[in-house]
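Coordinates from query17.cif are shown below (mmCIF, C-alpha atoms).
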data_my_file
loop_
_atom_site.label_atom_id
_atom_site.label_comp_id
_atom_site.auth_asym_id
_atom_site.auth_seq_id
_atom_site.Cartn_x
_atom_site.Cartn_y
_atom_site.Cartn_z
CA MET B 28 7.62 -7.91 24.46
CA LYS B 29 8.14 -5.53 21.56
CA LEU B 30 8.61 -7.08 18.13
CA LEU B 31 9.29 -4.89 15.07
CA ALA B 32 8.14 -6.59 11.85
CA VAL B 33 9.74 -5.23 8.66
CA GLY B 34 8.39 -5.88 5.16
CA ASP B 35 10.16 -5.62 1.81
CA LEU B 36 13.18 -3.34 2.18
CA HIS B 37 14.85 -3.66 -1.26
CA LEU B 38 18.20 -2.09 -0.41
CA GLY B 39 19.80 -0.78 -3.58
CA ARG B 40 16.57 0.47 -5.10
CA ARG B 41 16.00 4.17 -5.88
CA PRO B 42 12.79 6.22 -5.94
CA SER B 43 11.43 6.96 -9.41
CA ARG B 44 9.79 9.94 -11.12
CA LEU B 45 11.85 12.49 -9.20
CA PRO B 46 12.28 15.98 -10.72
CA ALA B 47 15.77 16.92 -11.86
CA MET B 48 16.37 19.09 -8.80
CA LEU B 49 15.98 16.02 -6.53
CA ALA B 50 18.02 13.59 -8.61
CA GLU B 51 21.12 13.99 -6.46
CA ARG B 52 19.08 13.15 -3.35
CA ALA B 53 17.79 9.83 -4.71
CA ALA B 54 20.04 7.75 -2.45
CA GLU B 55 19.01 9.55 0.73
CA LEU B 56 15.32 9.10 -0.14
CA GLY B 57 15.60 5.35 -0.65
CA PRO B 58 15.39 2.17 1.46
CA ALA B 59 18.78 2.70 3.12
CA GLU B 60 17.52 5.88 4.78
CA ALA B 61 14.28 4.16 5.82
CA TRP B 62 16.40 1.35 7.33
CA ARG B 63 18.48 3.86 9.30
CA ARG B 64 15.35 5.56 10.61
CA LEU B 65 13.68 2.36 11.77
CA VAL B 66 16.93 1.13 13.39
CA ALA B 67 17.30 4.38 15.34
CA HIS B 68 13.67 4.27 16.45
CA ALA B 69 13.92 0.58 17.41
CA VAL B 70 16.90 1.34 19.65
CA GLU B 71 15.16 4.35 21.15
CA GLN B 72 11.98 2.35 21.86
CA ARG B 73 13.97 -0.64 23.17
CA VAL B 74 12.31 -3.29 21.05
CA ASP B 75 13.30 -6.88 21.79
CA ALA B 76 13.64 -8.16 18.21
CA VAL B 77 13.52 -6.98 14.60
CA VAL B 78 12.24 -9.54 12.08
CA LEU B 79 12.50 -9.04 8.31
CA ALA B 80 10.09 -10.73 5.89
CA GLY B 81 12.37 -11.12 2.86
CA ASP B 82 13.56 -9.08 -0.14
CA LEU B 83 15.97 -7.09 2.00
CA VAL B 84 18.08 -6.58 -1.13
CA GLU B 85 16.90 -5.57 -4.61
CA ARG B 86 19.47 -7.41 -6.79
CA GLU B 87 22.57 -9.62 -6.56
CA ASP B 88 24.64 -6.65 -7.80
CA ASP B 89 23.69 -4.72 -4.66
CA PHE B 90 25.72 -7.02 -2.37
CA PHE B 91 28.36 -4.51 -1.28
CA GLU B 92 25.98 -1.57 -0.82
CA ALA B 93 23.54 -3.78 1.08
CA TYR B 94 26.35 -5.25 3.19
CA ARG B 95 27.42 -1.81 4.41
CA ASP B 96 23.90 -0.68 5.26
CA LEU B 97 22.85 -3.98 6.84
CA ARG B 98 26.05 -4.31 8.86
CA GLU B 99 25.73 -0.83 10.33
CA GLY B 100 22.08 -1.41 11.23
CA VAL B 101 22.55 -4.93 12.60
CA GLU B 102 25.55 -3.89 14.70
CA ARG B 103 23.63 -0.98 16.19
CA LEU B 104 20.61 -3.16 16.96
CA THR B 105 22.49 -6.09 18.45
CA GLY B 106 24.71 -3.69 20.36
CA ALA B 107 21.54 -2.48 22.05
CA GLY B 108 20.54 -6.05 22.89
CA ILE B 109 18.04 -6.39 20.02
CA ARG B 110 17.92 -9.67 18.07
CA VAL B 111 17.77 -9.39 14.25
CA LEU B 112 16.18 -12.23 12.29
CA GLY B 113 14.92 -12.62 8.75
CA VAL B 114 13.94 -14.87 5.86
CA ALA B 115 15.05 -14.77 2.22
CA GLY B 116 12.60 -13.79 -0.52
CA ASN B 117 12.71 -14.23 -4.27
CA HIS B 118 14.83 -11.10 -4.82
CA ASP B 119 17.56 -11.95 -2.28
CA VAL B 120 17.48 -15.75 -2.41
CA GLN B 121 21.23 -15.88 -3.18
CA VAL B 122 22.57 -12.63 -1.79
CA LEU B 123 20.95 -12.79 1.68
CA PRO B 124 22.63 -16.08 2.72
CA ARG B 125 25.95 -14.56 1.62
CA LEU B 126 25.26 -11.45 3.67
CA ALA B 127 24.18 -13.55 6.67
CA ALA B 128 27.47 -15.44 6.50
CA GLN B 129 29.32 -12.12 6.80
CA LEU B 130 27.06 -10.85 9.60
CA PRO B 131 27.14 -13.43 12.44
CA ASP B 132 24.65 -11.41 14.51
CA PHE B 133 22.02 -11.66 11.75
CA GLU B 134 19.91 -14.82 12.11
CA LEU B 135 18.68 -16.26 8.80
CA LEU B 136 15.64 -18.47 9.41
CA GLY B 137 14.55 -21.46 7.32
CA ALA B 138 17.58 -21.57 5.05
CA GLY B 139 17.22 -23.87 2.04
CA GLY B 140 13.44 -23.93 2.23
CA HIS B 141 13.23 -25.80 5.57
CA TRP B 142 10.94 -24.46 8.27
CA GLN B 143 12.76 -23.38 11.41
CA ALA B 144 11.48 -22.20 14.80
CA VAL B 145 13.23 -19.94 17.31
CA GLN B 146 12.23 -18.72 20.74
CA LEU B 147 12.09 -14.99 21.39
CA GLU B 148 12.00 -13.51 24.88
CA GLY B 149 11.48 -10.05 26.29
CA GLY B 150 9.51 -8.19 28.91
CA GLY B 151 8.73 -11.41 30.71
CA GLU B 152 7.05 -12.82 27.57
CA ARG B 153 8.00 -15.71 25.30
CA LEU B 154 7.14 -16.15 21.64
CA GLN B 155 7.82 -18.87 19.09
CA LEU B 156 8.69 -17.60 15.60
CA TRP B 157 8.60 -19.90 12.57
CA GLY B 158 10.44 -18.87 9.41
CA TRP B 159 10.97 -20.22 5.87
CA SER B 160 13.40 -18.89 3.23
CA PHE B 161 13.29 -19.24 -0.55
CA PRO B 162 15.71 -22.01 -1.62
CA THR B 163 15.56 -20.92 -5.28
CA LYS B 164 14.30 -17.85 -7.09
CA VAL B 165 11.25 -19.72 -8.39
CA VAL B 166 9.10 -21.76 -5.99
CA ALA B 167 5.90 -23.01 -7.62
CA LYS B 168 4.76 -25.15 -4.67
CA SER B 169 3.22 -23.87 -1.45
CA PRO B 170 5.66 -23.88 1.49
CA LEU B 171 2.71 -24.97 3.64
CA ALA B 172 1.66 -27.92 1.46
CA GLU B 173 3.23 -30.63 3.65
CA GLN B 174 4.19 -28.65 6.76
CA GLN B 175 2.80 -29.51 10.17
CA PHE B 176 3.47 -27.07 13.03
CA PRO B 177 3.62 -28.82 16.41
CA ALA B 178 1.51 -27.34 19.16
CA ALA B 179 3.43 -24.98 21.44
CA GLU B 180 2.77 -23.25 24.70
CA GLY B 181 2.26 -19.52 24.33
CA LEU B 182 2.13 -17.38 21.20
CA SER B 183 3.39 -18.69 17.82
CA LEU B 184 3.86 -16.50 14.73
CA GLY B 185 4.94 -17.27 11.17
CA LEU B 186 7.37 -15.21 9.06
CA LEU B 187 7.00 -15.91 5.35
CA HIS B 188 7.70 -14.36 1.94
CA CYS B 189 4.94 -15.63 -0.35
CA ASP B 190 2.22 -14.93 -2.92
CA ARG B 191 -1.14 -15.23 -1.19
CA ASP B 192 -4.21 -16.41 -3.09
CA ALA B 193 -2.44 -16.14 -6.46
CA GLN B 194 -3.08 -19.40 -8.27
CA GLY B 195 -0.23 -20.40 -10.58
CA SER B 196 2.30 -18.01 -9.02
CA GLN B 197 6.00 -18.88 -9.17
CA TYR B 198 6.73 -17.16 -5.86
CA ALA B 199 5.70 -19.54 -3.07
CA PRO B 200 1.92 -19.50 -3.61
CA VAL B 201 -0.17 -20.01 -0.48
CA THR B 202 -3.86 -19.65 0.20
CA THR B 203 -5.60 -17.85 3.02
CA ALA B 204 -7.17 -21.20 3.92
CA GLU B 205 -3.69 -22.72 4.36
CA LEU B 206 -2.57 -19.86 6.58
CA ASN B 207 -5.71 -20.16 8.71
CA ALA B 208 -5.35 -23.94 9.01
CA ALA B 209 -1.65 -23.88 9.97
CA GLY B 210 -2.47 -23.47 13.64
CA LEU B 211 -0.25 -20.44 14.31
CA ASP B 212 -1.52 -17.31 16.04
CA GLY B 213 -0.55 -14.96 13.24
CA TRP B 214 1.40 -14.50 10.00
CA LEU B 215 3.81 -11.73 9.03
CA LEU B 216 4.03 -11.79 5.24
CA GLY B 217 6.41 -10.27 2.70
CA HIS B 218 6.34 -9.94 -1.12
CA ILE B 219 3.32 -7.66 -1.78
CA HIS B 220 4.22 -3.99 -1.27
CA GLN B 221 0.73 -2.80 -0.35
CA PRO B 222 0.30 -3.29 3.43
CA ASP B 223 -2.75 -5.03 4.82
CA PRO B 224 -4.70 -3.36 7.66
CA LEU B 225 -3.06 -5.36 10.45
CA ASN B 226 -4.36 -5.17 13.99
CA ALA B 227 -4.03 -6.97 17.31
CA GLU B 228 -7.22 -8.98 16.75
CA ARG B 229 -6.11 -10.27 13.32
CA LEU B 230 -2.35 -10.33 12.93
CA GLN B 231 -2.24 -11.92 9.50
CA GLY B 232 -1.28 -10.17 6.30
CA TYR B 233 1.30 -8.32 4.27
CA LEU B 234 3.58 -5.88 6.05
CA GLY B 235 4.08 -3.90 2.83
CA CYS B 236 7.28 -2.23 1.67
CA VAL B 237 9.13 -0.05 4.14
CA THR B 238 9.12 2.93 1.79
CA GLY B 239 7.38 3.59 -1.52
CA MET B 240 9.64 3.77 -4.56
CA ASP B 241 7.20 4.61 -7.34
CA PRO B 242 3.69 6.11 -7.78
CA GLY B 243 2.13 2.65 -7.59
CA GLU B 244 3.35 2.38 -3.98
CA HIS B 245 1.38 5.34 -2.74
CA GLY B 246 0.26 6.08 0.79
CA PRO B 247 1.89 5.58 4.21
CA ARG B 248 4.69 3.02 4.49
CA GLY B 249 6.74 1.59 7.33
CA PRO B 250 7.35 -1.39 9.67
CA TRP B 251 4.91 -2.65 12.29
CA LEU B 252 5.44 -2.64 16.07
CA ILE B 253 3.80 -5.66 17.67
CA GLU B 254 3.46 -5.65 21.44
CA VAL B 255 2.84 -8.89 23.35
CA GLU B 256 1.34 -8.90 26.84
CA ARG B 257 0.12 -11.86 28.91
CA GLY B 258 0.74 -14.30 26.09
CA ARG B 259 -1.28 -12.46 23.42
CA VAL B 260 -0.91 -9.64 20.91
CA ALA B 261 -2.02 -6.53 22.77
CA ARG B 262 -1.22 -3.82 20.18
CA CYS B 263 -0.13 -3.52 16.55
CA GLN B 264 0.95 -0.13 15.18
CA GLN B 265 2.62 0.92 11.95
CA TRP B 266 5.73 3.11 12.24
CA LEU B 267 5.70 5.60 9.36
CA VAL B 268 9.40 6.11 8.67
CA ALA B 269 9.53 6.44 4.86
CA PRO B 270 11.69 9.40 3.71
CA ILE B 271 9.50 9.87 0.63
CA GLN B 272 5.75 9.42 0.26
CA TYR B 273 3.89 9.06 -3.02
CA GLU B 274 0.43 10.50 -2.52
CA ARG B 275 -2.71 10.65 -4.66
CA LEU B 276 -4.89 13.72 -4.50
CA ASP B 277 -8.29 14.29 -6.13
CA LEU B 278 -8.96 17.92 -7.04
CA ASP B 279 -12.61 18.77 -7.73
CA LEU B 280 -12.93 21.36 -10.52
CA THR B 281 -16.72 21.61 -10.30
CA ASP B 282 -17.83 25.28 -10.34
CA LEU B 283 -14.26 26.60 -10.80
CA PRO B 284 -14.34 29.65 -13.12
CA GLY B 285 -11.38 28.70 -15.29
CA PRO B 286 -8.34 26.43 -15.75
CA ASP B 287 -5.98 28.70 -13.78
CA ALA B 288 -8.18 28.35 -10.69
CA ALA B 289 -7.05 24.70 -10.44
CA GLN B 290 -3.61 25.88 -9.31
CA ASP B 291 -5.10 27.88 -6.45
CA ALA B 292 -7.35 24.95 -5.53
CA LEU B 293 -4.33 22.62 -5.30
CA LEU B 294 -2.37 24.98 -3.06
CA THR B 295 -5.45 25.30 -0.83
CA ALA B 296 -5.72 21.50 -0.55
CA LEU B 297 -2.11 20.98 0.61
CA PRO B 298 -2.10 22.47 4.17
CA PRO B 299 -4.37 19.71 5.62
CA LEU B 300 -2.05 17.07 4.16
CA GLU B 301 0.97 18.88 5.56
CA ARG B 302 -0.55 19.02 9.04
CA GLU B 303 -1.17 15.28 8.92
CA LEU B 304 2.41 14.54 7.86
CA ALA B 305 3.97 16.98 10.33
CA ALA B 306 2.22 15.20 13.21
CA ARG B 307 4.16 11.98 12.54
CA LEU B 308 7.15 10.91 14.57
CA ASN B 309 9.24 10.55 11.38
CA PRO B 310 7.53 12.58 8.64
CA PRO B 311 8.75 12.20 5.03
CA ASP B 312 11.23 14.68 3.59
CA VAL B 313 9.64 14.60 0.13
CA VAL B 314 6.04 14.18 -1.06
CA ALA B 315 5.30 13.20 -4.67
CA LEU B 316 1.76 14.07 -5.74
CA ARG B 317 -0.27 12.40 -8.44
CA VAL B 318 -3.10 14.88 -8.96
CA ARG B 319 -6.38 13.68 -10.47
CA LEU B 320 -8.74 16.39 -11.73
CA VAL B 321 -12.33 15.31 -11.08
CA GLY B 322 -15.83 16.75 -11.04
CA GLN B 323 -17.89 18.36 -13.79
CA SER B 324 -15.93 20.97 -15.69
CA GLN B 325 -15.17 22.16 -19.19
CA HIS B 326 -11.68 23.22 -18.06
CA GLY B 327 -10.19 19.80 -17.23
CA ALA B 328 -7.89 19.42 -20.25
CA ALA B 329 -6.67 23.03 -20.09
CA ALA B 330 -6.07 22.80 -16.33
CA ALA B 331 -4.10 19.56 -16.66
CA THR B 332 -1.65 21.14 -19.10
CA GLY B 333 -1.67 24.61 -17.56
CA PHE B 334 0.45 24.05 -14.46
CA PRO B 335 3.83 25.75 -14.98
CA GLN B 336 6.94 23.58 -14.74
CA ALA B 337 8.06 25.42 -11.61
CA LEU B 338 5.02 24.05 -9.75
CA HIS B 339 5.69 20.55 -11.08
CA ASP B 340 9.20 20.72 -9.63
CA GLN B 341 8.26 22.21 -6.27
CA LEU B 342 4.98 23.33 -4.73
CA PRO B 343 5.08 26.14 -2.16
CA VAL B 344 3.55 25.01 1.14
CA ALA B 345 3.64 27.54 3.98
CA GLY B 346 5.36 26.66 7.23
CA THR B 347 7.41 23.66 6.08
CA GLU B 348 10.70 22.78 4.39
CA ARG B 349 9.23 19.52 3.12
CA HIS B 350 9.60 19.23 -0.65
CA TYR B 351 6.30 18.75 -2.49
CA PHE B 352 6.28 18.16 -6.24
CA ILE B 353 3.78 17.04 -8.89
CA GLU B 354 4.60 13.63 -10.30
CA ARG B 355 1.69 13.63 -12.75
CA ILE B 356 -1.65 15.34 -13.47
CA ILE B 357 -4.56 13.28 -14.80
CA ASP B 358 -7.70 14.80 -16.29
CA ALA B 359 -10.64 12.70 -15.07
CA THR B 360 -13.25 15.44 -15.22
CA GLU B 361 -16.70 14.88 -16.69
CA PRO B 362 -18.43 17.21 -19.13
CA VAL B 363 -21.02 19.61 -17.76
CA ILE B 364 -24.35 18.05 -18.68
CA PRO B 365 -27.74 19.76 -18.04
CA LEU B 366 -29.50 16.70 -16.62
CA THR B 367 -32.75 18.47 -15.73
CA ASP B 368 -33.26 19.69 -19.31
CA LEU B 369 -32.30 16.34 -20.84
CA ALA B 370 -34.61 14.41 -18.50
CA GLY B 371 -37.63 15.92 -20.31
CA ARG B 372 -36.75 14.17 -23.57
CA ALA B 373 -38.73 11.08 -24.61
CA ASP B 374 -35.76 9.05 -25.86
CA PRO B 375 -32.86 6.99 -24.43
CA VAL B 376 -30.95 10.19 -23.56
CA GLY B 377 -33.90 11.39 -21.48
CA LEU B 378 -34.30 8.00 -19.79
CA LEU B 379 -30.63 7.91 -18.80
CA ALA B 380 -30.79 11.51 -17.51
CA GLN B 381 -33.79 10.54 -15.36
CA ARG B 382 -31.83 7.63 -13.88
CA LEU B 383 -28.89 9.91 -13.07
CA LEU B 384 -31.16 12.43 -11.35
CA LEU B 385 -32.67 9.57 -9.36
CA LEU B 386 -29.22 8.93 -7.80
CA ASP B 387 -29.44 12.37 -6.15
CA ALA B 388 -32.84 11.62 -4.61
CA PRO B 389 -33.13 11.05 -0.81
CA ALA B 390 -31.72 7.73 0.44
CA THR B 391 -35.24 6.64 1.43
CA ASP B 392 -36.67 7.07 -2.07
CA PRO B 393 -38.06 3.63 -3.09
CA GLU B 394 -37.15 4.04 -6.78
CA ARG B 395 -33.56 4.92 -5.86
CA GLN B 396 -33.35 1.95 -3.48
CA ASN B 397 -34.66 -0.36 -6.21
CA LEU B 398 -32.11 0.94 -8.72
CA LEU B 399 -29.21 0.45 -6.29
CA SER B 400 -30.40 -3.03 -5.29
CA ARG B 401 -30.61 -4.17 -8.93
CA THR B 402 -27.15 -2.77 -9.62
CA ARG B 403 -25.69 -4.40 -6.51
CA ARG B 404 -27.03 -7.82 -7.55
CA HIS B 405 -25.50 -7.37 -11.00
CA LEU B 406 -22.09 -6.35 -9.60
CA GLU B 407 -22.06 -9.19 -7.06
CA LYS B 408 -22.63 -11.64 -9.91
CA GLN B 409 -19.78 -10.11 -11.90
CA LEU B 410 -17.43 -10.37 -8.91
CA GLN B 411 -17.87 -14.15 -8.93
CA ALA B 412 -16.27 -14.40 -12.38
CA THR B 413 -13.02 -16.39 -12.35
CA HIS B 414 -10.95 -13.62 -13.94
CA TRP B 415 -11.33 -11.53 -10.76
CA GLN B 416 -9.90 -14.26 -8.52
CA GLY B 417 -6.42 -13.39 -7.28
CA ILE B 418 -6.93 -9.72 -8.19
CA LEU B 419 -9.55 -8.63 -5.71
CA ARG B 420 -8.62 -8.74 -2.06
CA GLU B 421 -10.58 -8.74 1.14
CA GLY B 422 -12.68 -5.59 1.31
CA GLN B 423 -12.98 -5.35 -2.49
CA GLY B 424 -15.72 -7.93 -2.98
CA LYS B 425 -19.46 -7.72 -2.53
CA GLU B 426 -19.09 -6.75 1.15
CA HIS B 427 -17.65 -3.46 -0.09
CA LEU B 428 -20.66 -2.61 -2.31
CA ASP B 429 -22.45 -0.20 -0.02
CA ASP B 430 -24.97 2.37 -1.34
CA VAL B 431 -22.35 5.12 -1.67
CA THR B 432 -20.03 2.91 -3.75
CA VAL B 433 -22.80 1.60 -5.98
CA ALA B 434 -24.26 5.08 -6.57
CA ASP B 435 -20.82 6.47 -7.42
CA TYR B 436 -20.26 3.62 -9.87
CA LEU B 437 -23.61 4.28 -11.57
CA ARG B 438 -23.04 8.03 -11.63
CA ARG B 439 -19.63 7.72 -13.33
CA ALA B 440 -20.76 5.03 -15.77
CA GLY B 441 -23.99 6.85 -16.59
CA ARG B 442 -22.33 10.20 -17.22
CA GLN B 443 -19.73 8.61 -19.49
CA ALA B 444 -22.49 6.88 -21.45
CA LEU B 445 -24.55 10.07 -21.65
CA ALA B 446 -21.57 12.09 -22.86
CA GLY B 447 -20.99 9.50 -25.59
CA MET B 448 -24.62 9.57 -26.67
CA LEU B 449 -24.65 13.37 -26.89
CA ALA B 450 -21.36 13.40 -28.80
CA SER B 451 -22.84 10.89 -31.24
CA GLU B 452 -25.82 13.17 -31.79
CA GLU B 453 -23.59 16.16 -32.49
CA SER B 454 -21.56 14.21 -35.05
CA GLY B 455 -24.76 13.09 -36.78
#
Would you mind writing the structure in this file as C-alpha cells?
Amino acid sequence: MKLLAVGDLHLGRRPSRLPAMLAERAAELGPAEAWRRLVAHAVEQRVDAVVLAGDLVEREDDFFEAYRDLREGVERLTGAGIRVLGVAGNHDVQVLPRLAAQLPDFELLGAGGHWQAVQLEGGGERLQLWGWSFPTKVVAKSPLAEQQFPAAEGLSLGLLHCDRDAQGSQYAPVTTAELNAAGLDGWLLGHIHQPDPLNAERLQGYLGCVTGMDPGEHGPRGPWLIEVERGRVARCQQWLVAPIQYERLDLDLTDLPGPDAAQDALLTALPPLERELAARLNPPDVVALRVRLVGQSQHGAAAATGFPQALHDQLPVAGTERHYFIERIIDATEPVIPLTDLAGRADPVGLLAQRLLLLDAPATDPERQNLLSRTRRHLEKQLQATHWQGILREGQGKEHLDDVTVADYLRRAGRQALAGMLASEESG
C-alpha cells in the first residue's frame, strides 16, 4: 500500500521576500503549485490514498481560491482511484467543512472534534486510520486526554493537527508521552512547519509544510510517501515538490583578501547546491538564499553591504534556468585576533587566549578533554531549566552536545568575549 501524507498546505498563502522581478510569479510559487505537483506525482506513482493533516487553507477569505484548487486536485486523484482524506486544523476549522460539503469525494475525518476511524486498502494491505478535526479555532485541551483506541488487527495510524509538548498551547496540546501511550503504530502530525526526520522505524512526528513561504521555513519541503508491506511500514520517503526553496548558506571569509572576494566565493559555492537540487524529481523553480558571512575577517561589514543589487535580484549559476536570489546577507564574522601573541600575556586576556588555543589541540589532549567535559556538564545543567521546555526538541538536548558542538560553542563565545575585552582596552 502507498499512502501519501501531506502536512500544512495553506492554500491562499504567498511566498514572502521575493525581489520585484518575481512579484508577478508569486502565485505560481505558492502552495497551489505544490499541490498540483504532488497530485500529478501521486497519480503517476499510483498511490492508494492521500491524507492531509490540517491547515489546507490559510484563511476563511480564501474559500473560493481554495475550492478551485482543491476540487481540481481531488477530482484528478479520485478519478485515478485514489482516496483523499483529511482533518481540519486551527486555520481551516470553518472553511474546510464547507469545502468538504462541496467536494463529496473529499473525506473529512473526525468532524466536530470526535475521533473517527476508516479502513484503507491497497496492494493487498489493510490499514486503519484515525483522525480528529478541530471543532473550534481554539482548543486548550488535549484531544487524547480521554480517548481510548480499541485494539485492531493490522497497522493503525493517527492523523492529527496539534501542538506537541507545548504546555499551555491553545492549539490542541498533546505530549509525546500521550502519543506513545495511545497504542497506535504511528502518528502523522500537522501544525508545525518544520518536518521531523520521519522513517519507517519511527513513524511519529510533524510532516512539515508542503512548501516554504518565508525564510524561517528554510530547507527541503514536501509530503511523505509511506509504503506498507506485510502489515508494517516498510519505507518512508519525503517527496520534495516545493516550487520555491528558502536556503541558508554560510560563507567563510577567513583569508579572503578583500570584501569584493566574497562575491566570487558565493558564486563558487552555488554549483554544488545546484547539482543537489537538479538531481531531484521535482526541483524548485526559485531558490532564495539567506547568506551568513562567517569566519575571521576584517571585511565582514564591507562585504555584507558590497553586493550589487543586480546580484541580490538574480545570481548567475551556470547550466540552469533556476532563479537564485539573495534574500538577505548577515555579517557574522569575527575579528582577526592574534591568539598566539595574546596567550603570552599574564592577565585575563592571556588566560582566555590560552583557552581558545587549547580548543585547537589534538582531540586526545587531556587538558582539552577536561575543558570540554566541564563545559558539557554546565550546558547539560542549563538545558534542564524550565524556560527551555517546549522550545528544544529531540536532538537539541544534552544528547546533541558532542565534542564538536561544545568546542564550537566555546570558540564562538570565547572570541566574542575576547573581542569585547580588547575593545574595552582600546577605549581606555
Residues within 12 Å of (-32.3, 15.4, -19.4), file coords, only C-alpha atoms, listed as number ranges by chain
B: 364-385, 442, 445-446, 449
Write to file, as a short mmCIF file (atom, residue, chain, number, x, y, z; two decimals), in the frame of the given file, the residues of the selection just made, with C-alpha atoms.
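To be explicit, this is the file written out as again_30.cif:
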data_model
loop_
_atom_site.label_atom_id
_atom_site.label_comp_id
_atom_site.auth_asym_id
_atom_site.auth_seq_id
_atom_site.Cartn_x
_atom_site.Cartn_y
_atom_site.Cartn_z
CA ILE B 364 -24.35 18.05 -18.68
CA PRO B 365 -27.74 19.76 -18.04
CA LEU B 366 -29.50 16.70 -16.62
CA THR B 367 -32.75 18.47 -15.73
CA ASP B 368 -33.26 19.69 -19.31
CA LEU B 369 -32.30 16.34 -20.84
CA ALA B 370 -34.61 14.41 -18.50
CA GLY B 371 -37.63 15.92 -20.31
CA ARG B 372 -36.75 14.17 -23.57
CA ALA B 373 -38.73 11.08 -24.61
CA ASP B 374 -35.76 9.05 -25.86
CA PRO B 375 -32.86 6.99 -24.43
CA VAL B 376 -30.95 10.19 -23.56
CA GLY B 377 -33.90 11.39 -21.48
CA LEU B 378 -34.30 8.00 -19.79
CA LEU B 379 -30.63 7.91 -18.80
CA ALA B 380 -30.79 11.51 -17.51
CA GLN B 381 -33.79 10.54 -15.36
CA ARG B 382 -31.83 7.63 -13.88
CA LEU B 383 -28.89 9.91 -13.07
CA LEU B 384 -31.16 12.43 -11.35
CA LEU B 385 -32.67 9.57 -9.36
CA ARG B 442 -22.33 10.20 -17.22
CA LEU B 445 -24.55 10.07 -21.65
CA ALA B 446 -21.57 12.09 -22.86
CA LEU B 449 -24.65 13.37 -26.89
#
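One distance worth recording is that between atom CA of Gly185 of chain B and atom CA of Gly213 of chain B, which is 6.3 Å.
Each of B:Gly235, B:Gly116, B:Gly246, B:Pro124 was compared to Leu304 of chain B using all atoms listed in the file, and B:Gly246 turns out to be the nearest.
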Which is closer to Cys189 of chain B than all the others in B:Gly441, B:Gly249, B:Gly149, B:Gly81, using only C-alpha atoms?
B:Gly81
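Shown here are all protein and nucleic acid residues lying within 7 Å of (-1.5, -18.0, 16.2), with only C-alpha atoms considered: Leu182, Ser183, Leu184, Gly210, Leu211, Asp212 and Gly213 of chain B.
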